[in-house]
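Quick look at upload.txt (compact mmCIF, C-alpha atoms):
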# COMPACT_ATOMS: atom_id res chain seq x y z
CA MET A 1 72.91 132.88 126.71
CA ASN A 2 74.58 129.55 125.95
CA THR A 3 76.77 129.44 122.90
CA ARG A 4 78.43 126.34 121.55
CA ALA A 5 82.18 126.70 120.99
CA VAL A 6 83.37 125.97 117.49
CA PRO A 7 85.56 122.83 117.66
CA THR A 8 89.15 123.18 116.51
CA VAL A 9 89.75 119.44 116.30
CA PRO A 10 87.45 117.02 114.49
CA ASP A 11 85.67 114.45 116.60
CA ARG A 12 86.93 110.89 116.80
CA ARG A 13 84.48 109.48 114.28
CA THR A 14 85.43 112.12 111.69
CA VAL A 15 89.15 111.47 112.19
CA GLU A 16 88.75 107.72 111.91
CA SER A 17 86.56 108.01 108.82
CA ALA A 18 89.01 110.36 107.07
CA VAL A 19 92.07 108.26 107.94
CA ALA A 20 90.31 105.12 106.72
CA LEU A 21 89.72 106.84 103.37
CA ALA A 22 93.32 108.08 103.30
CA CYS A 23 94.49 104.49 103.71
CA ARG A 24 92.71 103.58 100.47
CA ALA A 25 95.62 105.31 98.70
CA PRO A 26 97.79 103.21 96.37
CA SER A 27 101.18 102.06 97.62
CA LEU A 28 104.08 100.00 96.34
CA HIS A 29 102.87 96.35 96.31
CA ASN A 30 100.00 97.48 98.55
CA SER A 31 102.53 97.71 101.40
CA GLN A 32 100.54 100.55 103.07
CA PRO A 33 103.69 102.12 104.61
CA TRP A 34 102.00 104.81 106.72
CA ARG A 35 101.30 105.44 110.37
CA TRP A 36 99.04 108.14 111.82
CA VAL A 37 99.24 109.60 115.33
CA MET A 38 96.39 111.80 116.63
CA GLY A 39 97.12 114.25 119.44
CA THR A 40 96.57 117.99 119.44
CA ALA A 41 97.40 117.60 115.74
CA LEU A 42 97.42 114.65 113.37
CA ARG A 43 100.85 113.44 112.33
CA LEU A 44 101.77 111.27 109.35
CA TYR A 45 104.80 108.98 109.59
CA SER A 46 106.29 106.53 107.14
CA ASP A 47 106.63 103.03 108.55
CA PRO A 48 110.19 101.74 108.09
CA ASP A 49 109.04 98.20 108.85
CA ARG A 50 107.21 98.32 105.50
CA LEU A 51 110.18 99.42 103.41
CA LEU A 52 110.84 97.06 100.49
CA PRO A 53 114.66 97.12 100.38
CA ALA A 54 115.14 95.08 97.21
CA THR A 55 112.69 97.26 95.28
CA ASP A 56 112.87 100.62 97.06
CA GLY A 57 116.15 100.75 98.92
CA PHE A 58 116.15 104.54 99.36
CA GLY A 59 112.51 104.71 100.48
CA ARG A 60 111.47 106.98 97.61
CA GLN A 61 108.37 105.03 96.73
CA MET A 62 107.50 104.65 100.41
CA VAL A 63 107.37 108.45 100.73
CA ILE A 64 105.44 108.77 97.44
CA SER A 65 102.87 106.31 98.81
CA CYS A 66 102.53 108.38 101.99
CA GLY A 67 102.08 111.51 99.88
CA ALA A 68 99.18 109.84 98.07
CA ALA A 69 97.60 109.02 101.45
CA LEU A 70 98.07 112.64 102.54
CA ASN A 71 96.17 113.91 99.50
CA HIS A 72 93.40 111.36 100.05
CA LEU A 73 93.21 112.62 103.63
CA GLU A 74 92.90 116.23 102.53
CA TYR A 75 89.97 115.48 100.23
CA ALA A 76 88.29 113.36 102.91
CA PHE A 77 88.51 116.07 105.59
CA THR A 78 87.60 118.93 103.26
CA ALA A 79 84.49 117.02 102.20
CA ASN A 80 83.60 116.93 105.91
CA HIS A 81 83.94 120.71 106.38
CA TRP A 82 87.53 120.80 107.66
CA ARG A 83 90.39 122.65 106.00
CA LEU A 84 93.83 121.19 106.63
CA VAL A 85 96.92 123.21 107.51
CA ILE A 86 99.74 120.88 106.46
CA GLU A 87 103.37 121.28 107.47
CA ARG A 88 105.40 118.99 105.26
CA LEU A 89 108.65 117.53 106.58
CA PRO A 90 108.55 119.50 109.85
CA HIS A 91 111.79 119.88 111.76
CA SER A 92 112.12 116.74 113.86
CA SER A 93 114.70 114.25 115.05
CA ASP A 94 112.38 111.54 113.71
CA ARG A 95 113.11 111.12 110.00
CA GLN A 96 109.91 109.15 109.54
CA LEU A 97 107.72 112.19 110.39
CA LEU A 98 106.44 113.45 107.05
CA SER A 99 103.64 115.86 107.93
CA THR A 100 101.94 117.61 110.81
CA ILE A 101 98.29 118.40 110.15
CA ASN A 102 96.12 120.96 111.94
CA PHE A 103 92.48 121.76 111.33
CA ILE A 104 90.32 124.80 110.63
CA PRO A 105 86.51 124.56 110.35
CA ALA A 106 85.51 125.18 106.74
CA PRO A 107 82.31 125.81 104.79
CA ALA A 108 80.64 123.23 102.62
CA PRO A 109 83.05 121.69 100.09
CA THR A 110 82.98 122.54 96.42
CA ASP A 111 81.36 120.06 94.07
CA PHE A 112 84.82 119.09 92.81
CA VAL A 113 86.13 118.23 96.28
CA ALA A 114 82.99 116.25 97.09
CA ARG A 115 83.45 114.23 93.90
CA MET A 116 87.11 113.58 94.66
CA ALA A 117 86.20 112.24 98.10
CA VAL A 118 83.62 109.91 96.54
CA ALA A 119 86.18 108.76 93.96
CA ILE A 120 88.46 107.46 96.75
CA GLY A 121 86.15 104.51 97.32
CA ARG A 122 85.84 103.79 93.58
CA ARG A 123 89.50 103.98 92.57
CA ARG A 124 91.35 100.76 91.88
CA THR A 125 94.57 99.86 90.09
CA GLU A 126 93.80 98.48 86.62
CA ARG A 127 96.59 96.05 85.71
CA LEU A 128 94.81 94.66 82.63
CA PRO A 129 95.05 96.25 79.15
CA MET A 130 93.00 99.38 78.57
CA ASP A 131 91.57 101.11 75.51
CA PRO A 132 92.53 104.74 74.78
CA PRO A 133 90.79 107.18 77.15
CA PRO A 134 87.82 108.95 75.50
CA ALA A 135 87.77 112.76 75.42
CA TRP A 136 91.44 112.68 76.40
CA ALA A 137 92.15 116.32 75.49
CA ASP A 138 89.50 117.51 77.97
CA THR A 139 90.79 115.18 80.67
CA LEU A 140 94.39 116.24 80.12
CA GLU A 141 93.41 119.92 80.32
CA GLN A 142 91.76 119.29 83.71
CA LEU A 143 94.78 117.36 85.00
CA VAL A 144 97.12 120.18 84.00
CA ARG A 145 94.94 122.62 85.96
CA ILE A 146 94.90 120.35 89.02
CA THR A 147 98.68 119.94 89.07
CA ALA A 148 99.55 123.58 88.33
CA GLY A 149 101.55 125.24 91.10
CA THR A 150 102.35 122.00 92.93
CA GLY A 151 106.01 121.82 91.92
CA VAL A 152 105.28 118.56 90.09
CA GLU A 153 105.25 118.57 86.29
CA LEU A 154 102.70 116.44 84.46
CA GLU A 155 103.41 115.41 80.87
CA ASP A 156 101.58 113.21 78.38
CA LEU A 157 104.34 111.12 76.80
CA GLY A 158 102.08 110.09 73.95
CA GLN A 159 102.00 106.84 72.02
CA ARG A 160 105.32 107.73 70.37
CA SER A 161 107.07 106.79 73.60
CA ARG A 162 105.41 103.38 74.00
CA PRO A 163 107.90 101.23 72.02
CA ALA A 164 110.89 102.58 73.97
CA LEU A 165 109.08 102.27 77.30
CA GLU A 166 107.90 98.73 76.61
CA GLU A 167 111.39 97.67 75.56
CA ALA A 168 112.83 99.17 78.76
CA SER A 169 110.16 97.37 80.77
CA ARG A 170 111.04 94.03 79.16
CA ARG A 171 114.75 94.58 79.83
CA MET A 172 114.04 95.52 83.45
CA THR A 173 111.90 92.40 83.88
CA GLY A 174 114.69 90.25 82.45
CA LEU A 175 117.26 91.72 84.82
CA ARG A 176 114.96 91.27 87.79
CA HIS A 177 114.39 87.60 86.95
CA ASP A 178 118.03 87.02 87.92
CA ASP A 179 117.73 88.86 91.24
CA PRO A 180 116.72 86.30 93.89
CA THR A 181 116.29 88.93 96.62
CA TYR A 182 113.90 90.94 94.47
CA GLN A 183 111.97 87.82 93.44
CA ALA A 184 111.59 86.70 97.06
CA GLU A 185 110.33 90.15 98.03
CA LEU A 186 107.89 90.20 95.10
CA ARG A 187 106.48 86.81 96.09
CA TRP A 188 106.13 87.92 99.71
CA TRP A 189 104.02 90.91 98.67
CA SER A 190 101.95 89.00 96.14
CA GLY A 191 99.04 88.40 98.50
CA ARG A 192 99.22 85.89 101.36
CA GLY A 193 95.70 84.66 101.92
CA LEU A 194 94.24 86.32 104.99
CA PHE A 195 96.88 89.06 105.26
CA PRO A 196 95.41 92.54 104.53
CA ASP A 197 98.34 93.72 102.43
CA GLY A 198 100.17 92.78 99.27
CA VAL A 199 98.59 92.38 95.82
CA PRO A 200 96.04 89.53 95.95
CA GLU A 201 95.32 87.03 93.19
CA GLN A 202 92.14 88.75 92.05
CA ALA A 203 94.11 91.95 91.33
CA ARG A 204 96.95 90.29 89.38
CA PRO A 205 96.68 89.32 85.69
CA SER A 206 96.22 85.64 84.97
CA ASP A 207 98.98 83.57 83.40
CA ARG A 208 97.24 83.91 80.03
CA GLN A 209 97.30 87.71 80.27
CA GLN A 210 100.60 88.11 82.11
CA HIS A 211 102.24 89.77 79.09
CA SER A 212 99.21 91.61 77.66
CA VAL A 213 100.46 94.87 79.21
CA HIS A 214 104.13 95.24 78.34
CA LEU A 215 104.45 98.44 80.36
CA SER A 216 103.95 96.79 83.73
CA ARG A 217 105.73 95.03 86.56
CA GLU A 218 105.62 91.25 86.24
CA PHE A 219 103.91 89.75 89.29
CA PRO A 220 103.26 86.04 89.91
CA PRO A 221 100.15 85.11 87.91
CA GLY A 222 96.78 85.82 89.47
CA ARG A 223 93.12 85.49 88.47
CA ALA A 224 92.34 88.84 86.81
CA SER A 225 91.31 88.49 83.20
CA THR A 226 89.94 90.77 80.50
CA PRO A 227 86.26 89.97 79.86
CA ASP A 228 85.13 88.78 76.44
CA GLY A 229 85.21 91.68 74.00
CA GLY A 230 87.64 93.65 76.17
CA PRO A 231 90.93 95.06 74.89
CA SER A 232 93.65 92.51 74.17
CA GLU A 233 96.37 95.12 73.63
CA ASP A 234 97.08 98.04 75.93
CA ARG A 235 96.47 101.47 74.42
CA ALA A 236 96.27 103.51 77.60
CA ALA A 237 97.61 107.05 77.66
CA ILE A 238 100.96 107.37 79.46
CA LEU A 239 101.55 110.25 81.87
CA LEU A 240 104.83 111.16 83.56
CA LEU A 241 105.20 113.03 86.84
CA SER A 242 108.55 114.78 87.29
CA THR A 243 110.10 117.20 89.77
CA SER A 244 112.94 119.71 89.46
CA ALA A 245 114.91 117.99 92.22
CA ASP A 246 114.88 114.58 93.90
CA SER A 247 114.45 115.37 97.60
CA ARG A 248 112.10 113.75 100.11
CA LEU A 249 109.83 116.78 99.77
CA ASP A 250 109.73 116.19 96.00
CA TRP A 251 108.78 112.57 96.65
CA LEU A 252 106.02 113.56 99.06
CA ARG A 253 104.63 116.16 96.66
CA SER A 254 104.77 113.63 93.82
CA GLY A 255 102.60 111.29 95.85
CA GLU A 256 100.06 114.03 96.50
CA VAL A 257 99.84 114.86 92.80
CA LEU A 258 99.68 111.17 91.90
CA SER A 259 96.63 110.85 94.15
CA ALA A 260 94.94 113.91 92.67
CA VAL A 261 95.47 112.63 89.12
CA LEU A 262 94.17 109.14 89.93
CA LEU A 263 91.05 110.46 91.65
CA ALA A 264 90.28 112.99 88.91
CA CYS A 265 90.54 110.23 86.30
CA THR A 266 88.39 107.91 88.40
CA ASP A 267 85.77 110.66 88.68
CA ARG A 268 85.71 110.83 84.88
CA GLY A 269 85.12 107.07 84.62
CA LEU A 270 88.66 106.15 83.58
CA GLY A 271 90.90 103.32 84.70
CA THR A 272 94.34 104.09 86.11
CA CYS A 273 97.52 102.25 87.03
CA PRO A 274 100.65 103.79 88.60
CA VAL A 275 103.79 102.43 86.92
CA THR A 276 106.82 102.64 89.19
CA HIS A 277 109.24 99.88 88.18
CA LEU A 278 110.78 102.10 85.47
CA THR A 279 111.79 104.71 88.05
CA GLU A 280 113.55 102.24 90.37
CA ARG A 281 116.86 102.16 88.48
CA ALA A 282 119.05 105.04 87.33
CA VAL A 283 119.30 103.73 83.77
CA THR A 284 115.53 103.70 83.19
CA ARG A 285 115.06 107.08 84.90
CA THR A 286 117.61 108.43 82.42
CA LEU A 287 115.57 106.97 79.57
CA LEU A 288 112.43 108.67 80.89
CA ARG A 289 114.24 112.00 81.02
CA GLU A 290 115.26 111.53 77.39
CA LEU A 291 111.67 110.80 76.38
CA SER A 292 110.36 113.79 78.30
CA SER A 293 110.31 117.30 76.92
CA GLY A 294 111.30 118.65 80.34
CA GLU A 295 114.44 118.49 82.44
CA GLY A 296 112.92 117.16 85.67
CA MET A 297 113.57 113.99 87.62
CA PRO A 298 111.02 111.28 86.70
CA GLN A 299 109.09 110.07 89.74
CA VAL A 300 106.20 107.93 88.49
CA LEU A 301 104.39 106.94 85.30
CA ILE A 302 100.61 106.55 85.14
CA ARG A 303 98.58 104.53 82.64
CA VAL A 304 95.13 106.04 82.00
CA GLY A 305 92.48 104.45 79.81
CA ALA A 306 89.05 102.92 79.43
CA GLY A 307 89.46 100.03 81.83
CA THR A 308 87.66 96.77 82.37
CA GLY A 309 86.71 97.35 85.99
CA VAL A 310 86.13 101.09 86.28
CA GLY A 311 83.67 101.94 89.03
CA GLU A 312 84.06 98.64 90.87
CA PRO A 313 85.14 98.64 94.51
CA SER A 314 88.85 98.20 95.09
CA THR A 315 89.80 94.54 95.25
CA THR A 316 92.90 95.06 97.39
CA PRO A 317 92.42 94.74 101.17
CA ARG A 318 93.59 97.28 103.73
CA ARG A 319 95.09 96.93 107.19
CA PRO A 320 92.75 97.43 110.16
CA LEU A 321 92.53 101.04 111.32
CA SER A 322 93.80 99.97 114.74
CA GLU A 323 97.15 99.08 113.15
CA VAL A 324 97.73 102.41 111.42
CA LEU A 325 96.05 105.02 113.66
CA VAL A 326 96.94 105.57 117.31
CA ARG A 327 95.92 108.26 119.75
CA GLU A 328 98.62 110.06 121.65
CA ARG A 329 98.18 109.86 125.39
CA PRO A 330 98.10 113.24 127.18
CA ALA A 331 101.07 114.09 129.34
CA PRO A 332 100.68 113.29 133.08
CA GLY A 333 98.76 116.00 134.90
CA HIS A 334 97.14 117.35 131.72
CA LEU A 335 93.64 116.80 130.52
CA PRO A 336 92.95 116.17 126.85
CA GLY A 337 92.54 119.45 125.03
CA GLU A 338 94.58 121.50 127.52

The structure given in the file should be rewritten as structure tokens.
Amino acid sequence: MNTRAVPTVPDRRTVESAVALACRAPSLHNSQPWRWVMGTALRLYSDPDRLLPATDGFGRQMVISCGAALNHLEYAFTANHWRLVIERLPHSSDRQLLSTINFIPAPAPTDFVARMAVAIGRRRTERLPMDPPPAWADTLEQLVRITAGTGVELEDLGQRSRPALEEASRRMTGLRHDDPTYQAELRWWSGRGLFPDGVPEQARPSDRQQHSVHLSREFPPGRASTPDGGPSEDRAAILLLSTSADSRLDWLRSGEVLSAVLLACTDRGLGTCPVTHLTERAVTRTLLRELSSGEGMPQVLIRVGAGTGVGEPSTTPRRPLSEVLVRERPAPGHLPGE
């Protein structure tokens, strides 16, 4: 009697589809600093060529971005009946290796996982002002459940923190105006026509609305504008993700939780925007610790609200899959799968 062996590695189409979804993850200036290598296992590397030294000299946000892609990947594979066995920061001489991923066939995904996978294609970064999120208590309760046990603390800073955060954001923007290296880097990653990276014009607030969200990084003006009748003043909820330490593993985990929070909010019809410029300098990270009720190290802020473009496809392009996913060639004398 013929029996079909249960595959232990997904087929090529499944891998490519899942990695393509993983690459929809948010990243600093849409730099997309990840690289995937498929062999007997799938490996995730950070791409040092995509480090933004003037903004992210230590590579913290680069690793956070890769963590977000890793979480996207997990939802994408689980929705396709594969459970991932993830080894984070495996022992290796290559510092860029962040995760080794193996596969176990799994039953049909839960409804929650299926919805998270669908939300990947709907999520976008909302840089325009947002109204307060409806039913926020219910949403916050779900987010606390999702992040429990991850080693990353989620806290709602509340509107009481907004004046101090907005003042810190304005001061940071002023300091950065006098930093020519930072400004050159920001312009480089502010969309360059046909290049599939950076933040394009259609995703950046127009000159008229450049200062309508005080708690944001100031990009060169774009073409995004709040529609008539939309909010003119930002009233989004403000979340903070913190960790007990500040290691590369903490950064990677923070990215995974960031992804889970963004997708859960997207599934609930909310707009989201990661806010990272206030965690790039020691002085503003200290301020965030003072505003927080915890003792952790601030990693990323998230604005959550009723946005102007919720449910629309992401407007930021992505690099071709051929640039970010490669297949490892088998060693001489060995057949694939041996």

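For A:Arg217, the residues within 9 Å (counting all atoms listed in the file, excluding itself and residues fewer than 2 positions away along the chain) are Ser169, Met172, Thr173, His214, Leu215, Phe219, Val275, Thr276, His277 and Leu278 of chain A.
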
Between atom CA of A:Ala117 and atom CA of A:Leu252, distance in Å (one decimal):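 Value for the atom CA of A:Ala117-atom CA of A:Leu252 distance: 19.9 Å.
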
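You will find atom CA of A:Glu185 at 8.0 Å from atom CA of A:Thr55.
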
Counting only C-alpha atoms, the residue of A:Gly174, A:Arg13, A:Gly151, A:Thr125 that sits nearest A:Glu256: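 The answer is A:Gly151, which sits nearest to A:Glu256.
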
Exercise: A:Thr78 partners within 12 Å, only C-alpha atoms, chain neighbours under 4 positions left out, as number ranges by chain: A: 10, 14-15, 18, 71-74, 82-85, 103-118

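The smallest atom-to-atom distance between A:Leu287 and any of A:Leu51, A:Val304, A:Leu70, A:Leu165, using all atoms listed in the file, is found for A:Leu165.
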
Shell of 12 Å around stretch 220-229 of chain A, only C-alpha atoms, local chain residues under 2 positions omitted, as JSON, numbers by chain: {"A": [125, 126, 127, 128, 129, 130, 131, 177, 183, 184, 185, 186, 187, 188, 189, 190, 191, 198, 199, 200, 201, 202, 203, 204, 205, 206, 207, 208, 209, 210, 211, 212, 213, 217, 218, 231, 232, 233, 234, 307, 308, 309, 315]}

Please put the answer as lines of an AutoDock Vina configuration file: centre and edge lengths, in Å with one decimal, of a box along x, y and z that encloses all listed atoms of stretch 85-102 of chain A plus 4 Å on each side.
center_x = 105.4
center_y = 116.2
center_z = 110.2
size_x = 26.6
size_y = 22.1
size_z = 17.8

Separation of atom CA of A:Ser46 from atom CA of A:Leu301 in Å: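 Straight-line distance from atom CA of A:Leu301 to atom CA of A:Ser46 works out to 21.9 Å.
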
Protein and nucleic acid residues near (118.9, 107.6, 98.6) (cut-off 12 Å, only C-alpha atoms) as a list of chain:residue names: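 Residues with an atom at most 12 Å from (118.9, 107.6, 98.6): A:Pro53, A:Asp56, A:Gly57, A:Phe58, A:Gly59, A:Arg60, A:Gln61, A:Met62, A:Val63, A:Asp246, A:Ser247, A:Arg248, A:Trp251, A:Glu280, A:Arg281, A:Ala282.
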
From A:Asp179, A:Asp267, A:Glu328, A:Asp156, residue lying nearest A:Ala236 [all atoms listed in the file]: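 Selected residue with least distance to A:Ala236: A:Asp156.
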
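Closest approach to A:Ala260 among A:Thr272, A:Ser17, A:Thr40, A:Gln96 is made by A:Thr272 (distances from all atoms listed in the file).
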
Nearest candidate to A:Met38 (options A:Val324, A:Pro26, A:Leu241, A:Thr286; using all atoms listed in the file): A:Val324

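Closest approach to A:Ala237 among A:Leu140, A:Leu291, A:Leu249, A:Val257: A:Leu140, based on all atoms listed in the file.
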